[in-house]
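See below for the structure under consideration.
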2 protein chains.
Amino acid sequence: MKIDPNNPADLSAQIAGAIRDAIVAGDLIVDARLPSEAELSENFKVSRPTVREALKRLAAQSLIRTQRGAFGGAFVNRLSFEDAYNQHITTSTLLLGMNGVSFDTACEARFALERACASLSAARRSADHLATMRVEAVRQAQPGLSDEAFCASDVAFHRALVDGAGNPVLSYQLAGAVEAMQPLMNMITFTARNRAQIVTLHSQIADAVEARDGGAVSAALTALEVYTKTLAQSVFAARALAAEGTVTDKAAR
Amino acid sequence: MKIDPNNPADLSAQIAGAIRDAIVAGDLIVDARLPSEAELSENFKVSRPTVREALKRLAAQSLIRTQRGAFGGAFVNRLSFEDAYNQHITTSTLLLGMNGVSFDTACEARFALERACASLSAARRSADHLATMRVEAVRQAQPGLSDEAFCASDVAFHRALVDGAGNPVLSYQLAGAVEAMQPLMNMITFTARNRAQIVTLHSQIADAVEARDGGAVSAALTALEVYTKTLAQSVFAARALAAEGTVTDKAAR
DNA sequence: TGCAACAAAATGTCAGACGTTTAAATGTAT
DNA sequence: ATACATTTAAACGTCTGACATTTTGTTGCA
């Protein structure tokens with residue numbers, strides 16, 4: 001694991017890679033303590049700042065944690081579901097935002113994945129999950145809600161649906177799809193009628209979950225997907241038209 | 001964005017967080033150049049090594065890239081699907097490996113997500129995707145294959161199925177679920193009969209995809225899920241029994 | 001025995017320096 | 001004036017050495 005080709009570039013990246021490989025391969029188990037920075041710098045024949053940069057890279061991925069003081073040091077971190085959630089959400093959000101992913105594509109992926117949870121959630125959801133869904137649906141029906149708060153509640157609703165499946169791996173995977181959509185959803189201005197329609201569909205979903213009818217959950221999700229897409233389409237079309245108008249206005253001057 | 005509380009801990013983490021927020025919020029767009037390390041260290045009132053540690057954290061998440069030389073520096077990186085794949089796979093693999101996730105839980109999540117792609121892939125797959133699935137199924141039927149190679153081919157097969165849906169967001173999300181299962185699958189020793197059964201189910205899936213019958217794909221996936229679970233169960237049971245035997249042997253001495 | 005002071009180990013941070021890479025600016029020759 | 005070679009400067013990559021801070025363990029005293 002001490003292998004370090006002498007030349008090409010970025011020693012800290014090479015060192016981080018070597019340690020990461022050791023962790024993934026299981027050579028370094030959870031809570032194992034890495035050698036101190038001074039020892040690492042000696043082993044790898046590099047300076048301490050270089051070692052530190054490598055360790056920071058690993059810390060950024062939650063692969064290690066550091067502890068100060070005597071008998072402190074860097075320890076292999078147990079990657080918690082929460083850390084993984086957050087990383088996944090950040091990555092997914094940036095991926096959608098930076099690659100010109102269309103609303104339809106993201107929407108399709110999100111609802112396809114959510115339907116994957118439908119029958120499991122219908123079968124296993126606890127009373128808590130159902131209650132959360134009901135609470136969020138009520139919140140969404142309140143008139144004074146800002147668009148951002150509406151979207152946040154939407155995420156919470158779907159989160160409860162997904163968590164109802166009782167499979168943390170599924171929840172983790174879905175977190176990226178559901179939460180990463182929020183910036184795209186926030187671009188939409190919802191009219192009162194839009195919201196009412198969405199709340200109706202949410203209530204249908206909750207009803208189906210309450211009845212433990214996976215098929216109905218799936219169908220309601222599909223209806224919501226279709227409605228969301230048409231809604232987005234009309235909003236974007238209106239916006240494009242407005243932009244066109246602005247251009248025309250400018251040209252007319 | 002220059003805000004930096006004076007005290008608590010880990011300046012480099014705070015700086016990395018501030019820059020990351022600026023990127024996620026869109027204040028720093030793709031390919032924008034960050035100030036030089038010297039300028040950043042002046043702005044944040046910290047030393048250059050500290051700034052560098054912060055930048056390495058961001059580089060570890062593929063949020064920035066650095067370029068040497070005049071007019072070089074740190075630039076906001078366009079997060080590619082490939083970078084995101086790899087990060088997601090690493091995170092997912094560690095998450096499963098470190099948290100005692102049961103085989104059944106991971107398996108359930110994987111197949112639930114894969115079924116989410118079934119109808120889309122049946123409808124949209126190209127001839128290439130189908131051909132890849134056929135090739136991998138043939139490869140899996142060859143006798144001399146090692147268990148690792150068999151599992152790798154399994155991943156390639158399912159990868160083609162998922163990619164057939166033609167939705168890169170879906171492919172990205174699924175990559176974590178499918179590839180992260182491989183270490184768990186590698187723990188299973190497949191008999192010739194096991195493999196034959198799996199190849200049969202893979203062929204059924206390919207047939208259904210060829211016929212563009214999403215329902216049949218979904219059903220075959222479910223059959224494969226059930227078979228995989230029973231297979232794993234028997235393998236683990238046999239292994240537990242063997243361990244028990246060893247203990248008994250030792251006790252008998 | 002119990003508590004306080006001290007020592008040691010480790011990370012966190014800083015300052016300054018040198019090497020290397022790269023692109024732009026400059027200069028020279030055709 | 002253009003083309004090419006040279007110089008220059010900006011920036012990152014790395015190193016050395018030092019100090020600050022935090023935490024733990026141990027010693028010493030009451």
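Every chain in the structure tokens takes a letter, A first, then B, and so on in the order presented; its residues are numbered from 1, and the ligands are numbered from 1 following the presented order.
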Chain B contacts to chain C at 10 Å (only C-alpha atoms (C1' of nucleotides)) as an MDAnalysis selection string: chainID B and resid 9:12 46:50 67:72
Let's have the selection written as a short mmCIF file (atom, residue, chain, number, x, y, z; two decimals), in the first residue's frame, with C-alpha atoms.
```
data_model
loop_
_atom_site.label_atom_id
_atom_site.label_comp_id
_atom_site.auth_asym_id
_atom_site.auth_seq_id
_atom_site.Cartn_x
_atom_site.Cartn_y
_atom_site.Cartn_z
CA ALA B 9 -12.86 24.11 14.29
CA ASP B 10 -11.44 23.09 10.99
CA LEU B 11 -11.02 26.20 8.92
CA SER B 12 -10.41 24.18 5.78
CA VAL B 46 -5.88 32.05 6.47
CA SER B 47 -2.67 30.60 5.22
CA ARG B 48 -2.18 29.04 1.83
CA PRO B 49 -1.84 25.45 3.08
CA THR B 50 -5.24 25.80 4.74
CA GLN B 67 -4.63 23.61 -13.71
CA ARG B 68 -1.04 24.62 -13.31
CA GLY B 69 0.84 27.38 -14.99
CA ALA B 70 0.09 30.98 -15.79
CA PHE B 71 -3.61 31.76 -15.80
CA GLY B 72 -4.11 28.36 -14.24
#
```
Ala74 in chain B surroundings by only C-alpha atoms (C1' of nucleotides), 9 Å radius, close-in-sequence under 6 positions cut, as a VMD selection string: chain B and resid 32 to 37 55 64 to 68
If you keep C-alpha atoms, can you produce a file of those selected residues as a short mmCIF file (atom, residue, chain, number, x, y, z; two decimals), in the first residue's frame?
```cif
data_model
loop_
_atom_site.label_atom_id
_atom_site.label_comp_id
_atom_site.auth_asym_id
_atom_site.auth_seq_id
_atom_site.Cartn_x
_atom_site.Cartn_y
_atom_site.Cartn_z
CA ALA B 32 -15.61 29.74 -13.65
CA ARG B 33 -12.17 30.35 -12.23
CA LEU B 34 -11.80 30.65 -8.50
CA PRO B 35 -9.40 33.22 -7.11
CA SER B 36 -5.83 32.00 -6.83
CA GLU B 37 -4.74 30.26 -3.66
CA LEU B 55 -9.49 22.96 -2.39
CA ILE B 64 -13.30 21.63 -9.01
CA ARG B 65 -10.30 20.82 -11.15
CA THR B 66 -6.95 22.55 -10.97
CA GLN B 67 -4.63 23.61 -13.71
CA ARG B 68 -1.04 24.62 -13.31
#
```
Non-local contacts of Ile29 in chain A (10 Å; only C-alpha atoms (C1' of nucleotides); under 2 positions in same chain excluded) as a ChimeraX atom specification: /A:22-27,31-33,75-78 /B:98
Polymer residues at most 10 Å from Ile205 in chain A, only C-alpha atoms (C1' of nucleotides), same-chain spacing of 3 or more positions, as a ChimeraX atom specification: /A:118,122,133-134,158,161,199-202,208-211,213-214,216-221,224
Store the residues of this selection in a file with C-alpha atoms, as a PDB file, in the first residue's frame.
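Output below, filename part16.pdb:
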```
ATOM      1  CA  ALA A 118     -44.898   1.554  -4.186  1.00  0.00           C
ATOM      2  CA  ALA A 122     -48.012  -0.202   0.731  1.00  0.00           C
ATOM      3  CA  MET A 133     -47.961  11.817   4.421  1.00  0.00           C
ATOM      4  CA  ARG A 134     -51.339  13.062   5.645  1.00  0.00           C
ATOM      5  CA  HIS A 158     -42.503  11.490  -1.010  1.00  0.00           C
ATOM      6  CA  LEU A 161     -43.656   7.191   1.037  1.00  0.00           C
ATOM      7  CA  VAL A 199     -52.859  17.641  -3.227  1.00  0.00           C
ATOM      8  CA  THR A 200     -55.702  15.566  -4.628  1.00  0.00           C
ATOM      9  CA  LEU A 201     -53.226  13.133  -6.160  1.00  0.00           C
ATOM     10  CA  HIS A 202     -51.224  13.052  -2.954  1.00  0.00           C
ATOM     11  CA  ALA A 208     -53.884   3.733  -1.497  1.00  0.00           C
ATOM     12  CA  VAL A 209     -51.045   3.390   0.994  1.00  0.00           C
ATOM     13  CA  GLU A 210     -53.553   3.260   3.807  1.00  0.00           C
ATOM     14  CA  ALA A 211     -55.465   0.549   1.968  1.00  0.00           C
ATOM     15  CA  ASP A 213     -52.932  -1.314  -2.333  1.00  0.00           C
ATOM     16  CA  GLY A 214     -49.585  -1.171  -4.113  1.00  0.00           C
ATOM     17  CA  ALA A 216     -53.209   1.905  -6.720  1.00  0.00           C
ATOM     18  CA  VAL A 217     -50.172   3.690  -5.300  1.00  0.00           C
ATOM     19  CA  SER A 218     -48.325   3.009  -8.500  1.00  0.00           C
ATOM     20  CA  ALA A 219     -51.205   4.231 -10.623  1.00  0.00           C
ATOM     21  CA  ALA A 220     -51.573   7.425  -8.619  1.00  0.00           C
ATOM     22  CA  LEU A 221     -47.839   8.057  -8.933  1.00  0.00           C
ATOM     23  CA  LEU A 224     -48.881  12.566 -10.683  1.00  0.00           C
TER      24      LEU A 224
END
```
Those of range 9-251 of chain B in DSSP alpha helix (DSSP H), formatted as a PyMOL selection string: chain B and resi 11-24+37-43+48-60+81-98+103-124+127-141+147-163+168-180+182-186+192-210+214-251
With the cut-off set at 9 Å and counting only C-alpha atoms, tabulate each residue of chain A with an atom at most that distance from an atom of chain B, showing the nearest atom pair and its distance in Å to one decimal, ordered by chain and increasing number, as JSON lines.
```
{"residue": "A:Ser12", "atom": "CA", "partner": "B:Lys56", "partner_atom": "CA", "distance": 8.7}
{"residue": "A:Ala13", "atom": "CA", "partner": "B:Ala60", "partner_atom": "CA", "distance": 8.4}
{"residue": "A:Ile23", "atom": "CA", "partner": "B:Leu94", "partner_atom": "CA", "distance": 8.8}
{"residue": "A:Val24", "atom": "CA", "partner": "B:Leu94", "partner_atom": "CA", "distance": 6.7}
{"residue": "A:Ile29", "atom": "CA", "partner": "B:Met98", "partner_atom": "CA", "distance": 8.7}
{"residue": "A:Val30", "atom": "CA", "partner": "B:Met98", "partner_atom": "CA", "distance": 7.3}
{"residue": "A:Pro49", "atom": "CA", "partner": "B:Pro49", "partner_atom": "CA", "distance": 7.2}
{"residue": "A:Arg52", "atom": "CA", "partner": "B:Glu53", "partner_atom": "CA", "distance": 7.4}
{"residue": "A:Glu53", "atom": "CA", "partner": "B:Glu53", "partner_atom": "CA", "distance": 5.2}
{"residue": "A:Ala54", "atom": "CA", "partner": "B:Lys56", "partner_atom": "CA", "distance": 7.7}
{"residue": "A:Leu55", "atom": "CA", "partner": "B:Glu53", "partner_atom": "CA", "distance": 9.0}
{"residue": "A:Lys56", "atom": "CA", "partner": "B:Arg57", "partner_atom": "CA", "distance": 5.7}
{"residue": "A:Arg57", "atom": "CA", "partner": "B:Arg57", "partner_atom": "CA", "distance": 4.7}
{"residue": "A:Leu58", "atom": "CA", "partner": "B:Ala60", "partner_atom": "CA", "distance": 7.4}
{"residue": "A:Ala59", "atom": "CA", "partner": "B:Arg57", "partner_atom": "CA", "distance": 7.5}
{"residue": "A:Ala60", "atom": "CA", "partner": "B:Arg57", "partner_atom": "CA", "distance": 5.1}
{"residue": "A:Gln61", "atom": "CA", "partner": "B:Gln61", "partner_atom": "CA", "distance": 7.2}
{"residue": "A:Leu63", "atom": "CA", "partner": "B:Leu94", "partner_atom": "CA", "distance": 8.9}
{"residue": "A:Arg78", "atom": "CA", "partner": "B:Met98", "partner_atom": "CA", "distance": 6.1}
{"residue": "A:Leu79", "atom": "CA", "partner": "B:Leu95", "partner_atom": "CA", "distance": 5.8}
{"residue": "A:Ser80", "atom": "CA", "partner": "B:Leu95", "partner_atom": "CA", "distance": 7.1}
{"residue": "A:Phe81", "atom": "CA", "partner": "B:Leu95", "partner_atom": "CA", "distance": 7.0}
{"residue": "A:Ala84", "atom": "CA", "partner": "B:Thr91", "partner_atom": "CA", "distance": 6.7}
{"residue": "A:Gln87", "atom": "CA", "partner": "B:Thr91", "partner_atom": "CA", "distance": 8.4}
{"residue": "A:His88", "atom": "CA", "partner": "B:His88", "partner_atom": "CA", "distance": 6.9}
{"residue": "A:Thr90", "atom": "CA", "partner": "B:Val24", "partner_atom": "CA", "distance": 7.9}
{"residue": "A:Thr91", "atom": "CA", "partner": "B:Ala84", "partner_atom": "CA", "distance": 6.6}
{"residue": "A:Ser92", "atom": "CA", "partner": "B:Ala84", "partner_atom": "CA", "distance": 7.8}
{"residue": "A:Thr93", "atom": "CA", "partner": "B:Val24", "partner_atom": "CA", "distance": 7.9}
{"residue": "A:Leu94", "atom": "CA", "partner": "B:Val24", "partner_atom": "CA", "distance": 6.6}
{"residue": "A:Leu95", "atom": "CA", "partner": "B:Leu79", "partner_atom": "CA", "distance": 5.8}
{"residue": "A:Leu96", "atom": "CA", "partner": "B:Val169", "partner_atom": "CA", "distance": 8.1}
{"residue": "A:Gly97", "atom": "CA", "partner": "B:Val24", "partner_atom": "CA", "distance": 8.6}
{"residue": "A:Met98", "atom": "CA", "partner": "B:Arg78", "partner_atom": "CA", "distance": 6.2}
{"residue": "A:Asn99", "atom": "CA", "partner": "B:Arg78", "partner_atom": "CA", "distance": 7.5}
{"residue": "A:Val101", "atom": "CA", "partner": "B:Val169", "partner_atom": "CA", "distance": 8.2}
{"residue": "A:Thr105", "atom": "CA", "partner": "B:Asn167", "partner_atom": "CA", "distance": 6.5}
{"residue": "A:Ala106", "atom": "CA", "partner": "B:Val169", "partner_atom": "CA", "distance": 6.4}
{"residue": "A:Glu108", "atom": "CA", "partner": "B:Asn167", "partner_atom": "CA", "distance": 8.2}
{"residue": "A:Ala109", "atom": "CA", "partner": "B:Leu170", "partner_atom": "CA", "distance": 5.2}
{"residue": "A:Arg110", "atom": "CA", "partner": "B:Leu170", "partner_atom": "CA", "distance": 8.0}
{"residue": "A:Phe111", "atom": "CA", "partner": "B:Ala116", "partner_atom": "CA", "distance": 8.8}
{"residue": "A:Ala112", "atom": "CA", "partner": "B:Ala116", "partner_atom": "CA", "distance": 5.2}
{"residue": "A:Leu113", "atom": "CA", "partner": "B:Ala116", "partner_atom": "CA", "distance": 5.6}
{"residue": "A:Glu114", "atom": "CA", "partner": "B:Ala116", "partner_atom": "CA", "distance": 8.1}
{"residue": "A:Arg115", "atom": "CA", "partner": "B:Ala116", "partner_atom": "CA", "distance": 6.8}
{"residue": "A:Ala116", "atom": "CA", "partner": "B:Ala112", "partner_atom": "CA", "distance": 5.2}
{"residue": "A:Cys117", "atom": "CA", "partner": "B:Ala112", "partner_atom": "CA", "distance": 7.0}
{"residue": "A:Leu120", "atom": "CA", "partner": "B:Ala112", "partner_atom": "CA", "distance": 8.9}
{"residue": "A:Asn167", "atom": "CA", "partner": "B:Thr105", "partner_atom": "CA", "distance": 6.5}
{"residue": "A:Pro168", "atom": "CA", "partner": "B:Thr105", "partner_atom": "CA", "distance": 8.1}
{"residue": "A:Val169", "atom": "CA", "partner": "B:Ala109", "partner_atom": "CA", "distance": 6.2}
{"residue": "A:Leu170", "atom": "CA", "partner": "B:Ala109", "partner_atom": "CA", "distance": 5.2}
{"residue": "A:Ser171", "atom": "CA", "partner": "B:Ala109", "partner_atom": "CA", "distance": 9.0}
{"residue": "A:Tyr172", "atom": "CA", "partner": "B:Ser92", "partner_atom": "CA", "distance": 9.0}
{"residue": "A:Gln173", "atom": "CA", "partner": "B:Gln173", "partner_atom": "CA", "distance": 6.7}
{"residue": "A:Leu174", "atom": "CA", "partner": "B:Gln173", "partner_atom": "CA", "distance": 8.2}
{"residue": "A:Gly176", "atom": "CA", "partner": "B:Gln173", "partner_atom": "CA", "distance": 7.8}
{"residue": "A:Ala177", "atom": "CA", "partner": "B:Gln173", "partner_atom": "CA", "distance": 7.5}
```
Members of range 43-219 of chain B assigned strand (DSSP E or B) by DSSP, as a list of chain:residue names: B:Ile64, B:Arg65, B:Thr66, B:Gln67, B:Gly73, B:Ala74, B:Phe75, B:Val76
Enumerate, in order of chain and increasing residue number, the residues of chain D with an atom no farther than 10 Å from chain B, each with its shortest atom pair and distance in Å to one decimal, counting only C-alpha atoms (C1' of nucleotides), as a tab-separated table.
```
residue	atom	partner	partner_atom	distance
D:DA9	C1'	B:Ala70	CA	7.4
D:DA10	C1'	B:Ala70	CA	4.4
D:DA11	C1'	B:Gly69	CA	5.2
D:DC12	C1'	B:Arg68	CA	4.9
D:DG13	C1'	B:Arg68	CA	8.7
```
Straight-line distance linking CA of Ser41 in chain B with C1' of DT22 in chain D, stated in Å to one decimal: 24.4 Å
Residue nearest Ala192 in chain A - candidates A:Thr228, A:Ser153, A:Ser146, A:Ser234, atoms counted: only C-alpha atoms: A:Ser146
Between CA of Ser126 in chain A and CA of Ala206 in chain A, distance in Å (one decimal):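 For CA of Ser126 in chain A relative to CA of Ala206 in chain A, the distance reads 12.3 Å.
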Atomic separation - CA of Ile89 in chain B relative to CA of Met185 in chain A, Å: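 About the pair CA of Met185 in chain A and CA of Ile89 in chain B: they are 26.6 Å apart.
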